[in-house]
Amino acid sequence: MTPDRRTLLAIFSLAFGLRILYAVLVGSSPELLPVQETYDFRVAARIAAGLNWIATPFSPNAPGYLLTLAAAFGVLGTAWWTAVLLNAALGAVTALFLYRIGEKRIGRHFGLVAALWLATSIHPMHFASIAMRDVMTTFLFVWFVYSLVKPFHRMRGAVGSAVLYALLIYTEPRFLVLLPLVIVFLALWSTHHRALSAQYVFLFMTALLFLSLPWTARNYIVRRELVPISLEAQRYTAPVARLLLETPPPPAPGPEAVVVKRPGFVHNWSEFWRAVRVRDFAGDPARGLAPELAWSRRHNAVSLLNYGILLPFLVVGVVGAVRRRHRAALVMSGATLAYAIVCGWYGGSDRARLPVEPLIVLVAMYGIWVLLDKRRAAGDAEAT
């Protein structure tokens, strides 16, 4: 076995083993994880029980994670541990992608530190023990970013990226809102030639549309209406559709109706980047805010240690990427900020932050590299 493969095996084993260990400890404590059978778990179990789901509207949620979990149930049996094994494997492979991006675009040691950081982070471990789509969304998003950190050299690069983005949309429809930004990026920076970039954009969109047709046809047959992904996706596309179609606003509610105002961008943005919660939050029913308990000392300490270290270097990494025009760091920084802004408009939380946490780690490692490079340059200048 080569040294590179030993490194990959070590990273995968560490990330996978820690997630399984965390699931063992959390799964044995009903206070920490009172519900193992989530909504996604129950729907996937019904899908795995037979093929009647093909002709019935089994869930308003996106089908990506549900069908993947159902396939795992078909192989390993319908059990909570099947979901844990699936999430642990996806989380471990995500750490491998992080290592590869860092190794090829920043430096081997920085990629290794980023992978180990993600492998040992408590936040991703916790969600790996819950049968929800967040871990799979993170895996697909990091894989998609991995496909963009270097310019396309072959047509299959655009097709492969389209496949990944189709899987990502069918797992988390929130990424539909980011599709225009992806198209702009591909049109401007997918290659070093604008005409060739336009061809890649056309190929990307054609492949994405082709991959969307089978499930769209199935939804039309089942629901008798045009539903490209799922009913859940309408939450993200409805504001854009109203803007494009110029439809009149809905009628004002009657006097007996209760109008609940949703949290605004500033609140969602602060919740997205939250590192600690030291006090209980009483909630605000008029704005649709539920009460929340303060985090435990251990949770606050771990989160503050993690993000208290990462976020300052993240800022340095973003600034360094802009000044040095480092493609990989620019792609990761842009993806992180664009996703954070979308979460600010549609609702953000520490759970919503999970898909970009690997990118935050890697951009922070790039920020450390920038500082060390400046220090080396200053030392060389003094020596001469």
# chains A, B, ... in the order shown; residues from 1 in each chain; ligands from 1
>>> residues_around(residues="Ile368 (chain A)", least_positions_apart="3", cutoff="8 Å", atoms="only C-alpha atoms", output="list in words")
Phe313, Val316, Gly317, Ala364, Met365, Leu371 and Leu372 of chain A
>>> write_last_selection(atoms="C-alpha atoms", output="mmCIF file, in the first residue's frame")
data_model
loop_
_atom_site.group_PDB
_atom_site.id
_atom_site.type_symbol
_atom_site.label_atom_id
_atom_site.label_comp_id
_atom_site.auth_asym_id
_atom_site.auth_seq_id
_atom_site.Cartn_x
_atom_site.Cartn_y
_atom_site.Cartn_z
ATOM 1 C CA PHE A 313 -8.654 32.638 9.735
ATOM 2 C CA VAL A 316 -8.017 36.076 6.312
ATOM 3 C CA GLY A 317 -8.499 33.285 3.805
ATOM 4 C CA ALA A 364 -9.424 28.849 7.237
ATOM 5 C CA MET A 365 -6.474 26.564 6.484
ATOM 6 C CA LEU A 371 -0.121 34.270 6.940
ATOM 7 C CA LEU A 372 2.743 31.786 6.932
#
>>> select_by_dssp(residues="region 151-314 of chain A", states="helix (DSSP H, G or I)", output="JSON, numbers by chain")
{"A": [155, 156, 157, 158, 159, 160, 161, 162, 163, 164, 165, 166, 167, 168, 169, 170, 171, 173, 174, 175, 176, 179, 180, 181, 182, 183, 184, 185, 186, 187, 188, 189, 194, 195, 196, 197, 198, 199, 200, 201, 202, 203, 204, 205, 206, 207, 208, 209, 210, 211, 212, 213, 214, 215, 216, 217, 218, 219, 220, 221, 222, 223, 231, 232, 233, 234, 235, 236, 237, 238, 239, 240, 241, 242, 243, 244, 245, 265, 266, 267, 268, 269, 270, 271, 272, 285, 286, 287, 297, 298, 299, 300, 301, 302, 303, 304, 305, 306, 307, 308, 309, 310, 311, 312, 313, 314]}
>>> residues_around(residues="Met205 (chain A)", least_positions_apart="5", cutoff="9 Å", atoms="only C-alpha atoms", output="ChimeraX atom specification")
/A:159,162,183,200,210
>>> closest_residue(among="A:Phe175, A:Trp117, A:Tyr220, A:Phe110", to="Asn306 (chain A)", atoms="only C-alpha atoms")
A:Trp117
>>> closest_residue(among="A:Leu67, A:Val322, A:Leu140, A:Ala114", to="Ile360 (chain A)", atoms="only C-alpha atoms")
A:Ala114
>>> closest_residue(among="A:Leu18, A:Ala335, A:Ala286, A:Val227", to="Trp215 (chain A)", atoms="only C-alpha atoms")
A:Val227
>>> residues_around(residues="Phe144 (chain A)", least_positions_apart="3", cutoff="12 Å", atoms="only C-alpha atoms", output="VMD selection string")
chain A and resid 94 97 to 98 101 137 to 141 147 to 150 157 to 169 175 182 331 to 332 335 355 to 356 359
>>> closest_residue(among="A:Val26, A:Ala321, A:Leu8, A:Leu305", to="Gly111 (chain A)", atoms="only C-alpha atoms")
A:Leu8
>>> closest_residue(among="A:Ala340, A:Leu112, A:Ala23, A:Leu231", to="Pro60 (chain A)", atoms="only C-alpha atoms")
A:Leu231
